[in-house]
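Containing JSON, C-alpha atoms: structure.json.
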[["chain", "number", "residue", "atom", "x", "y", "z"],
["V", 140, "MET", "CA", 54.94, 310.33, 30.31],
["V", 141, "ALA", "CA", 57.54, 312.46, 31.97],
["V", 142, "ILE", "CA", 59.47, 310.87, 34.84],
["V", 143, "GLN", "CA", 59.49, 312.95, 38.03],
["V", 144, "GLU", "CA", 62.95, 313.21, 39.56],
["V", 145, "SER", "CA", 63.33, 313.44, 43.40],
["V", 146, "THR", "CA", 64.77, 316.62, 44.72],
["V", 147, "PRO", "CA", 67.84, 316.65, 47.02],
["V", 148, "ARG", "CA", 65.65, 317.63, 50.01],
["V", 149, "GLU", "CA", 63.47, 314.55, 49.60],
["V", 150, "VAL", "CA", 66.51, 312.32, 49.32],
["V", 151, "ARG", "CA", 67.93, 313.71, 52.53],
["V", 152, "LYS", "CA", 64.63, 313.14, 54.39],
["V", 153, "GLU", "CA", 64.53, 309.52, 53.25],
["V", 154, "GLU", "CA", 68.12, 308.97, 54.40],
["V", 155, "GLN", "CA", 67.35, 310.48, 57.81],
["V", 156, "ASN", "CA", 64.29, 308.25, 58.21],
["V", 157, "ILE", "CA", 66.35, 305.18, 57.35],
["V", 158, "GLU", "CA", 69.07, 306.15, 59.85],
["V", 159, "GLU", "CA", 66.50, 306.78, 62.63],
["V", 160, "GLY", "CA", 64.86, 303.43, 62.01],
["V", 161, "ASN", "CA", 68.19, 301.60, 62.18],
["V", 162, "ALA", "CA", 69.08, 303.37, 65.43],
["V", 163, "LYS", "CA", 65.74, 302.39, 67.02],
["V", 164, "ARG", "CA", 66.26, 298.78, 65.97],
["V", 165, "ASN", "CA", 69.75, 298.75, 67.50],
["V", 166, "ILE", "CA", 68.45, 300.23, 70.77],
["V", 167, "ASP", "CA", 65.62, 297.67, 70.94],
["V", 168, "SER", "CA", 67.97, 294.78, 70.31],
["V", 169, "SER", "CA", 70.47, 296.01, 72.94],
["V", 170, "GLN", "CA", 67.66, 296.41, 75.49],
["V", 171, "LYS", "CA", 66.45, 292.88, 74.82],
["V", 172, "LYS", "CA", 69.97, 291.51, 75.29],
["V", 173, "SER", "CA", 70.43, 293.45, 78.57],
["V", 174, "ASN", "CA", 67.07, 292.22, 79.84],
["V", 175, "LYS", "CA", 68.06, 288.64, 79.10],
["V", 176, "LYS", "CA", 71.38, 289.11, 80.87],
["V", 177, "GLY", "CA", 69.63, 290.80, 83.83],
["V", 178, "ASN", "CA", 67.21, 287.91, 84.13],
["V", 179, "GLN", "CA", 70.12, 285.47, 84.09],
["V", 180, "ILE", "CA", 71.96, 287.48, 86.77],
["V", 181, "THR", "CA", 68.91, 287.75, 89.04],
["V", 182, "THR", "CA", 68.19, 284.03, 88.75],
["V", 183, "SER", "CA", 71.81, 283.24, 89.56],
["V", 184, "ASN", "CA", 71.71, 285.63, 92.54],
["V", 185, "ILE", "CA", 68.53, 283.98, 93.79],
["V", 186, "GLN", "CA", 70.17, 280.57, 93.54],
["V", 187, "ILE", "CA", 73.28, 281.83, 95.38],
["V", 188, "ASN", "CA", 71.14, 283.37, 98.17],
["V", 189, "ILE", "CA", 69.17, 280.12, 98.50],
["V", 190, "TYR", "CA", 72.36, 278.08, 98.83],
["V", 191, "THR", "CA", 73.93, 280.52, 101.30],
["V", 192, "ASN", "CA", 70.78, 280.59, 103.43],
["V", 193, "ILE", "CA", 70.73, 276.80, 103.45],
["V", 194, "ASP", "CA", 74.39, 276.78, 104.53],
["V", 195, "LYS", "CA", 73.67, 279.30, 107.30],
["V", 196, "VAL", "CA", 70.77, 277.25, 108.59],
["V", 197, "GLU", "CA", 72.90, 274.12, 108.62],
["V", 198, "LEU", "CA", 75.74, 275.91, 110.41],
["V", 199, "THR", "CA", 73.41, 277.37, 113.04],
["V", 200, "ASN", "CA", 71.81, 273.98, 113.58],
["V", 201, "LYS", "CA", 75.25, 272.53, 114.17],
["V", 202, "ILE", "CA", 76.71, 275.36, 116.25],
["V", 203, "MET", "CA", 73.74, 276.49, 118.39],
["V", 204, "PRO", "CA", 73.41, 273.27, 120.47],
["V", 205, "GLN", "CA", 77.13, 273.34, 121.24],
["V", 206, "TYR", "CA", 76.94, 277.05, 122.12],
["V", 207, "LYS", "CA", 73.93, 276.51, 124.37],
["V", 208, "GLU", "CA", 75.70, 273.62, 126.12],
["V", 209, "LYS", "CA", 78.79, 275.76, 126.71],
["V", 210, "THR", "CA", 76.80, 278.73, 128.04],
["V", 211, "THR", "CA", 74.65, 276.58, 130.34],
["V", 212, "ALA", "CA", 77.74, 274.80, 131.65],
["V", 213, "LYS", "CA", 79.42, 278.14, 132.26],
["V", 214, "HIS", "CA", 76.36, 279.53, 134.06],
["V", 215, "LYS", "CA", 76.22, 276.42, 136.26],
["V", 216, "LEU", "CA", 79.92, 276.74, 137.07],
["V", 217, "ILE", "CA", 79.60, 280.43, 137.96],
["V", 218, "SER", "CA", 76.49, 279.73, 140.06],
["V", 219, "LEU", "CA", 78.38, 277.03, 141.96],
["V", 220, "ILE", "CA", 81.30, 279.39, 142.51],
["V", 221, "GLY", "CA", 78.92, 282.10, 143.72],
["V", 222, "PHE", "CA", 77.32, 279.72, 146.21],
["V", 223, "LEU", "CA", 80.73, 278.61, 147.50],
["V", 224, "MET", "CA", 81.79, 282.26, 147.70],
["V", 225, "ILE", "CA", 78.79, 283.13, 149.91],
["V", 226, "LEU", "CA", 79.58, 280.12, 152.10],
["V", 227, "MET", "CA", 83.22, 281.18, 152.39],
["V", 228, "ILE", "CA", 82.26, 284.72, 153.33],
["V", 229, "GLY", "CA", 79.93, 283.44, 156.05],
["V", 230, "LEU", "CA", 82.69, 281.23, 157.42],
["V", 231, "THR", "CA", 85.15, 284.13, 157.26],
["V", 232, "ILE", "CA", 82.84, 286.34, 159.35],
["V", 233, "TYR", "CA", 82.30, 283.49, 161.82],
["V", 234, "MET", "CA", 86.07, 282.91, 162.11],
["V", 235, "GLY", "CA", 86.60, 286.62, 162.78],
["V", 236, "VAL", "CA", 83.96, 286.65, 165.52],
["V", 237, "ALA", "CA", 84.87, 283.34, 167.15],
["V", 238, "PHE", "CA", 88.68, 283.27, 166.93],
["V", 239, "LEU", "CA", 89.74, 286.91, 166.49],
["V", 240, "ASP", "CA", 87.36, 288.40, 169.12],
["V", 241, "ASP", "CA", 85.76, 290.52, 166.36],
["V", 242, "ARG", "CA", 88.66, 292.98, 166.55],
["V", 243, "LYS", "CA", 90.42, 292.34, 163.24],
["V", 244, "TYR", "CA", 87.62, 293.75, 161.14],
["V", 245, "ASN", "CA", 89.99, 295.38, 158.62],
["V", 246, "PHE", "CA", 91.61, 291.99, 158.01],
["V", 247, "ILE", "CA", 88.19, 290.32, 157.69],
["V", 248, "SER", "CA", 87.03, 293.02, 155.25],
["V", 249, "LEU", "CA", 90.15, 292.46, 153.14],
["V", 250, "LEU", "CA", 89.47, 288.72, 153.03],
["V", 251, "ILE", "CA", 85.87, 289.34, 151.96],
["V", 252, "MET", "CA", 87.04, 291.64, 149.17],
["V", 253, "VAL", "CA", 89.41, 288.95, 147.89],
["V", 254, "GLU", "CA", 86.62, 286.37, 148.02],
["V", 255, "THR", "CA", 84.24, 288.62, 146.09],
["V", 256, "LEU", "CA", 86.83, 289.19, 143.35],
["V", 257, "LEU", "CA", 87.09, 285.48, 142.49],
["V", 258, "PRO", "CA", 83.75, 285.11, 140.63],
["V", 259, "PHE", "CA", 84.34, 288.47, 138.97],
["V", 260, "MET", "CA", 87.62, 287.18, 137.54],
["V", 261, "MET", "CA", 85.92, 283.96, 136.43],
["V", 262, "LEU", "CA", 83.52, 286.07, 134.37],
["V", 263, "PHE", "CA", 86.44, 287.19, 132.19],
["V", 264, "GLU", "CA", 88.05, 283.75, 131.99],
["V", 265, "SER", "CA", 87.35, 283.11, 128.32],
["V", 266, "ARG", "CA", 88.18, 286.59, 127.01],
["V", 267, "ARG", "CA", 90.23, 289.68, 127.70],
["V", 268, "PRO", "CA", 88.74, 292.08, 130.23],
["V", 269, "ARG", "CA", 87.97, 295.48, 128.78],
["V", 270, "THR", "CA", 88.74, 298.69, 130.54],
["V", 271, "ARG", "CA", 85.28, 300.07, 129.76],
["V", 272, "GLU", "CA", 83.65, 297.26, 131.74],
["V", 273, "VAL", "CA", 85.81, 297.90, 134.80],
["V", 274, "VAL", "CA", 85.07, 301.63, 134.46],
["V", 275, "LEU", "CA", 81.31, 300.96, 134.41],
["V", 276, "ILE", "CA", 81.47, 298.79, 137.53],
["V", 277, "SER", "CA", 83.64, 301.29, 139.40],
["V", 278, "SER", "CA", 81.32, 304.12, 138.31],
["V", 279, "LEU", "CA", 78.31, 302.31, 139.79],
["V", 280, "CYS", "CA", 80.26, 301.78, 143.01],
["V", 281, "ALA", "CA", 81.05, 305.50, 143.10],
["V", 282, "ILE", "CA", 77.37, 306.38, 142.50],
["V", 283, "GLY", "CA", 76.39, 304.15, 145.42],
["V", 284, "VAL", "CA", 78.97, 305.78, 147.70],
["V", 285, "VAL", "CA", 77.98, 309.32, 146.69],
["V", 286, "GLY", "CA", 74.29, 308.47, 147.07],
["V", 287, "ARG", "CA", 74.86, 307.24, 150.60],
["V", 288, "MET", "CA", 76.86, 310.34, 151.46],
["V", 289, "ALA", "CA", 74.23, 312.68, 149.98],
["V", 290, "PHE", "CA", 71.62, 311.51, 152.51],
["V", 291, "PHE", "CA", 73.88, 311.26, 155.54],
["V", 292, "MET", "CA", 71.59, 313.54, 157.58],
["V", 293, "VAL", "CA", 68.62, 311.13, 157.35],
["V", 294, "PRO", "CA", 69.15, 307.85, 159.25],
["V", 295, "GLN", "CA", 68.71, 304.74, 157.07],
["V", 296, "PHE", "CA", 67.21, 306.73, 154.18],
["V", 297, "LYS", "CA", 69.84, 305.76, 151.60],
["V", 298, "PRO", "CA", 69.76, 304.86, 147.88],
["V", 299, "MET", "CA", 72.67, 302.43, 148.16],
["V", 300, "VAL", "CA", 70.62, 299.20, 148.10],
["V", 301, "ALA", "CA", 68.59, 300.47, 145.13],
["V", 302, "ILE", "CA", 71.76, 301.13, 143.15],
["V", 303, "VAL", "CA", 73.13, 297.70, 144.07],
["V", 304, "ILE", "CA", 69.90, 296.08, 142.83],
["V", 305, "ILE", "CA", 70.05, 298.03, 139.55],
["V", 306, "SER", "CA", 73.69, 297.00, 139.11],
["V", 307, "GLY", "CA", 72.89, 293.34, 139.67],
["V", 308, "VAL", "CA", 69.94, 293.47, 137.26],
["V", 309, "CYS", "CA", 72.05, 295.01, 134.48],
["V", 310, "LEU", "CA", 75.47, 293.41, 134.97],
["V", 311, "GLY", "CA", 74.72, 289.99, 136.44],
["V", 312, "ALA", "CA", 74.94, 288.21, 139.77],
["V", 313, "GLU", "CA", 78.72, 288.21, 140.18],
["V", 314, "SER", "CA", 79.15, 291.89, 139.34],
["V", 315, "GLY", "CA", 76.14, 292.69, 141.54],
["V", 316, "PHE", "CA", 77.78, 291.00, 144.52],
["V", 317, "LEU", "CA", 81.05, 292.79, 143.82],
["V", 318, "ILE", "CA", 79.39, 296.22, 143.55],
["V", 319, "GLY", "CA", 77.40, 295.64, 146.75],
["V", 320, "ALA", "CA", 80.45, 294.60, 148.75],
["V", 321, "MET", "CA", 82.74, 297.31, 147.37],
["V", 322, "THR", "CA", 80.15, 300.06, 147.84],
["V", 323, "SER", "CA", 79.70, 299.17, 151.51],
["V", 324, "PHE", "CA", 83.42, 299.07, 152.13],
["V", 325, "ALA", "CA", 84.21, 302.31, 150.25],
["V", 326, "SER", "CA", 81.34, 304.28, 151.82],
["V", 327, "ASN", "CA", 82.44, 303.25, 155.31],
["V", 328, "ILE", "CA", 85.71, 305.08, 154.69],
["V", 329, "PHE", "CA", 83.61, 308.23, 155.19],
["V", 330, "PHE", "CA", 81.04, 306.86, 157.66],
["V", 331, "GLY", "CA", 83.56, 304.92, 159.76],
["V", 332, "GLN", "CA", 85.01, 301.41, 159.55],
["V", 333, "GLY", "CA", 84.19, 298.95, 162.27],
["V", 334, "PRO", "CA", 83.16, 295.35, 162.97],
["V", 335, "TRP", "CA", 79.90, 296.07, 161.15],
["V", 336, "THR", "CA", 81.67, 296.58, 157.80],
["V", 337, "PRO", "CA", 82.02, 292.86, 156.85],
["V", 338, "TRP", "CA", 78.36, 292.30, 157.71],
["V", 339, "GLN", "CA", 77.26, 295.22, 155.53],
["V", 340, "MET", "CA", 79.45, 293.98, 152.69],
["V", 341, "PHE", "CA", 77.94, 290.53, 152.98],
["V", 342, "ALA", "CA", 74.33, 291.80, 153.15],
["V", 343, "CYS", "CA", 74.61, 294.17, 150.18],
["V", 344, "GLY", "CA", 76.54, 291.58, 148.20],
["V", 345, "ILE", "CA", 73.81, 288.96, 148.63],
["V", 346, "ILE", "CA", 71.15, 291.46, 147.49],
["V", 347, "GLY", "CA", 73.14, 292.26, 144.34],
["V", 348, "PHE", "CA", 73.74, 288.56, 143.72],
["V", 349, "LEU", "CA", 70.02, 287.71, 143.97],
["V", 350, "ALA", "CA", 69.09, 290.64, 141.75],
["V", 351, "GLY", "CA", 71.47, 289.35, 139.09],
["V", 352, "LYS", "CA", 70.00, 285.86, 139.29],
["V", 353, "LEU", "CA", 66.43, 287.12, 138.94],
["V", 354, "SER", "CA", 67.36, 289.48, 136.08],
["V", 355, "ARG", "CA", 67.16, 286.58, 133.59],
["V", 356, "CYS", "CA", 63.39, 286.97, 133.85],
["V", 357, "GLU", "CA", 62.45, 289.89, 131.57],
["V", 358, "LYS", "CA", 59.24, 290.46, 133.53],
["V", 359, "PHE", "CA", 61.28, 291.17, 136.65],
["V", 360, "LYS", "CA", 63.75, 293.32, 134.74],
["V", 361, "ARG", "CA", 61.22, 295.57, 132.99],
["V", 362, "ASN", "CA", 58.38, 295.70, 135.50],
["V", 363, "LYS", "CA", 58.69, 298.47, 138.07],
["V", 364, "VAL", "CA", 56.27, 296.79, 140.51],
["V", 365, "TRP", "CA", 58.28, 293.56, 140.60],
["V", 366, "LEU", "CA", 61.54, 295.49, 140.99],
["V", 367, "CYS", "CA", 60.22, 297.58, 143.89],
["V", 368, "THR", "CA", 58.71, 294.50, 145.55],
["V", 369, "PHE", "CA", 62.05, 292.71, 145.36],
["V", 370, "GLY", "CA", 63.80, 295.80, 146.76],
["V", 371, "ALA", "CA", 61.36, 296.06, 149.66],
["V", 372, "LEU", "CA", 61.62, 292.40, 150.63],
["V", 373, "THR", "CA", 65.41, 292.17, 150.36],
["V", 374, "THR", "CA", 66.00, 295.44, 152.20],
["V", 375, "PHE", "CA", 63.72, 294.57, 155.10],
["V", 376, "CYS", "CA", 64.36, 290.83, 155.37],
["V", 377, "ILE", "CA", 67.93, 290.26, 154.12],
["V", 378, "TYR", "CA", 69.74, 293.51, 154.94],
["V", 379, "GLY", "CA", 67.74, 294.23, 158.08],
["V", 380, "GLY", "CA", 67.77, 290.61, 159.18],
["V", 381, "ILE", "CA", 71.53, 290.25, 158.80],
["V", 382, "MET", "CA", 72.41, 293.58, 160.42],
["V", 383, "ASN", "CA", 70.04, 293.09, 163.37],
["V", 384, "ALA", "CA", 71.59, 289.70, 164.07],
["V", 385, "ALA", "CA", 75.07, 291.17, 163.60],
["V", 386, "THR", "CA", 74.34, 293.82, 166.22],
["V", 387, "VAL", "CA", 73.70, 291.16, 168.84],
["V", 388, "ILE", "CA", 76.70, 289.06, 167.79],
["V", 389, "MET", "CA", 79.05, 292.06, 167.79],
["V", 390, "TRP", "CA", 78.11, 293.52, 171.17],
["V", 391, "GLN", "CA", 76.97, 290.59, 173.29],
["V", 392, "GLU", "CA", 79.11, 287.76, 174.62],
["V", 393, "LYS", "CA", 76.47, 285.41, 175.98],
["V", 394, "LEU", "CA", 73.82, 285.08, 173.30],
["V", 395, "ASN", "CA", 70.23, 283.98, 173.82],
["V", 396, "LYS", "CA", 66.95, 284.08, 171.94],
["V", 397, "ALA", "CA", 65.56, 287.10, 173.83],
["V", 398, "MET", "CA", 68.47, 289.28, 172.65],
["V", 399, "PHE", "CA", 67.76, 288.53, 168.98],
["V", 400, "VAL", "CA", 64.02, 289.11, 169.43],
["V", 401, "ALA", "CA", 64.67, 292.47, 171.09],
["V", 402, "ALA", "CA", 67.13, 293.47, 168.36],
["V", 403, "TYR", "CA", 64.66, 292.68, 165.60],
["V", 404, "ILE", "CA", 61.82, 294.53, 167.32],
["V", 405, "GLN", "CA", 63.96, 297.62, 167.94],
["V", 406, "GLY", "CA", 65.24, 297.51, 164.35],
["V", 407, "ILE", "CA", 61.78, 297.52, 162.72],
["V", 408, "PRO", "CA", 61.49, 301.36, 162.43],
["V", 409, "PHE", "CA", 64.96, 301.67, 160.87],
["V", 410, "ASP", "CA", 64.31, 298.76, 158.53],
["V", 411, "LEU", "CA", 61.01, 300.29, 157.43],
["V", 412, "ILE", "CA", 62.70, 303.62, 156.65],
["V", 413, "HIS", "CA", 65.39, 301.82, 154.68],
["V", 414, "MET", "CA", 62.74, 299.79, 152.82],
["V", 415, "VAL", "CA", 60.72, 302.90, 151.91],
["V", 416, "ALA", "CA", 63.89, 304.62, 150.67],
["V", 417, "THR", "CA", 64.74, 301.64, 148.44],
["V", 418, "ILE", "CA", 61.22, 301.63, 146.98],
["V", 419, "ILE", "CA", 61.31, 305.37, 146.29],
["V", 420, "PHE", "CA", 64.72, 305.32, 144.62],
["V", 421, "LEU", "CA", 63.91, 302.22, 142.56],
["V", 422, "SER", "CA", 60.68, 303.78, 141.33],
["V", 423, "LEU", "CA", 62.44, 307.05, 140.45],
["V", 424, "LEU", "CA", 65.78, 305.79, 139.12],
["V", 425, "GLY", "CA", 65.25, 302.15, 138.24],
["V", 426, "GLU", "CA", 63.78, 302.36, 134.75],
["V", 427, "THR", "CA", 66.04, 305.23, 133.66],
["V", 428, "MET", "CA", 69.30, 303.73, 134.93],
["V", 429, "ILE", "CA", 68.51, 300.24, 133.60],
["V", 430, "GLY", "CA", 67.74, 301.68, 130.17],
["V", 431, "LYS", "CA", 70.95, 303.71, 130.04],
["V", 432, "ILE", "CA", 73.15, 300.84, 131.25],
["V", 433, "GLU", "CA", 71.56, 298.47, 128.73],
["V", 434, "ARG", "CA", 72.25, 300.95, 125.91],
["V", 435, "ILE", "CA", 75.87, 301.26, 127.04],
["V", 436, "LYS", "CA", 76.19, 297.48, 127.06],
["V", 437, "ILE", "CA", 74.74, 297.14, 123.55],
["V", 438, "LYS", "CA", 76.79, 300.03, 122.14],
["V", 439, "TYR", "CA", 80.14, 298.83, 123.43],
["V", 440, "GLY", "CA", 79.46, 295.08, 123.59],
["V", 441, "MET", "CA", 80.08, 294.92, 127.30],
["V", 442, "LEU", "CA", 79.71, 291.91, 129.62],
["V", 443, "GLN", "CA", 78.39, 289.66, 126.87],
["V", 444, "GLN", "CA", 78.46, 286.01, 127.84]]
Spit out the file's structure as structure tokens when you get a sec.
Amino acid sequence: MAIQESTPREVRKEEQNIEEGNAKRNIDSSQKKSNKKGNQITTSNIQINIYTNIDKVELTNKIMPQYKEKTTAKHKLISLIGFLMILMIGLTIYMGVAFLDDRKYNFISLLIMVETLLPFMMLFESRRPRTREVVLISSLCAIGVVGRMAFFMVPQFKPMVAIVIISGVCLGAESGFLIGAMTSFASNIFFGQGPWTPWQMFACGIIGFLAGKLSRCEKFKRNKVWLCTFGALTTFCIYGGIMNAATVIMWQEKLNKAMFVAAYIQGIPFDLIHMVATIIFLSLLGETMIGKIERIKIKYGMLQQ
């Protein structure tokens, strides 16, 4: 029988097939090795994440109680200072009326400003005060002053108390008191300073302080009805009650019960106008201004306890 010899073309095809098969085997083996290494890396990463999460949980369990104790102690201290500040301001006004014949109202106003700055400085005790925070507070004071000036032609129809309430809700009780007192003092530069200035500073400051205290309740902070109800009650009862009594104390020497009753009755129309103005401005500006101030606080990390 004759032996068939393979041609050069057939030999080349066989060599190419052998080379392709070897290349596929090498690729498969390298893929298997990489898969094994990947599985080892993922399992090691899972173990590392488990251990780190356990460490984080342990650290938070250790740190959070201490942090909560420090913050609650600080809030109690600031609340005590705020109460003593209100008491000092009341005594300062009484001293000015009783011993200075209610004539040194510029001096009394200066003392009240110093007394309102004390809790504000305590707020920045543990950290450096930032310029952006002072700018925000001064801007809200300027908005309150401009808002009062914009409605000068309408008696008692002013947005000042609404802006003080919004400031207290967003920035806290101490800053709310400061903004209320400073807005009253700065706006009276245009409306006229007098013995009524310390009383207005005290009344607006208390409203801002109470708004800051109630702002810890999210339902009060986000609900327009609750906010307007608080504005109506504080404007009519606190601001109107203080200013009506101040009118009698400032202009009468011999005080009696009938004078206060007459002052409150005559002040009801003005207090109602002021109350309606506060409700209107809180309903129109409250949600928008609170949202913008909260975004500014989050963006720049402002006034974080």
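If all atoms listed in the file are the atoms counted, then among V:Ile412, V:Phe369, V:Thr270, V:Thr386 the closest residue to Val400 of chain V is V:Thr386.
Distances here use all atoms listed in the file; by that measure, the residue among V:Val285, V:Lys431, V:Cys309, V:Lys358 closest to Ala325 of chain V is V:Val285.
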Take every atom of segment 357-370 of chain V listed in the file, fit an axis-aligned box around them, add 4 Å per side, and give the centre and edge lengths in Å to one decimal as JSON.
{"center_x": 60.0, "center_y": 294.2, "center_z": 139.2, "size_x": 15.5, "size_y": 16.6, "size_z": 23.2}
*Please provide the set of residues having any atom within 9 Å of Val415 of chain V, restricted to all atoms listed in the file, with same-chain residues fewer than 5 positions apart removed, written as a VMD selection string.*
chain V and resid 296 371 410 420
_Report as a VMD selection string all protein, DNA and RNA residues lying within 8 Å of Asn383 of chain V, evaluated on all atoms listed in the file, omitting residues in the same chain fewer than 6 positions from it._
chain V and resid 399 402 to 403 406
*Counting all atoms listed in the file, which of V:Met227, V:Leu239, V:Ile418, V:Met292 gets nearest to Met389 of chain V?*
V:Leu239
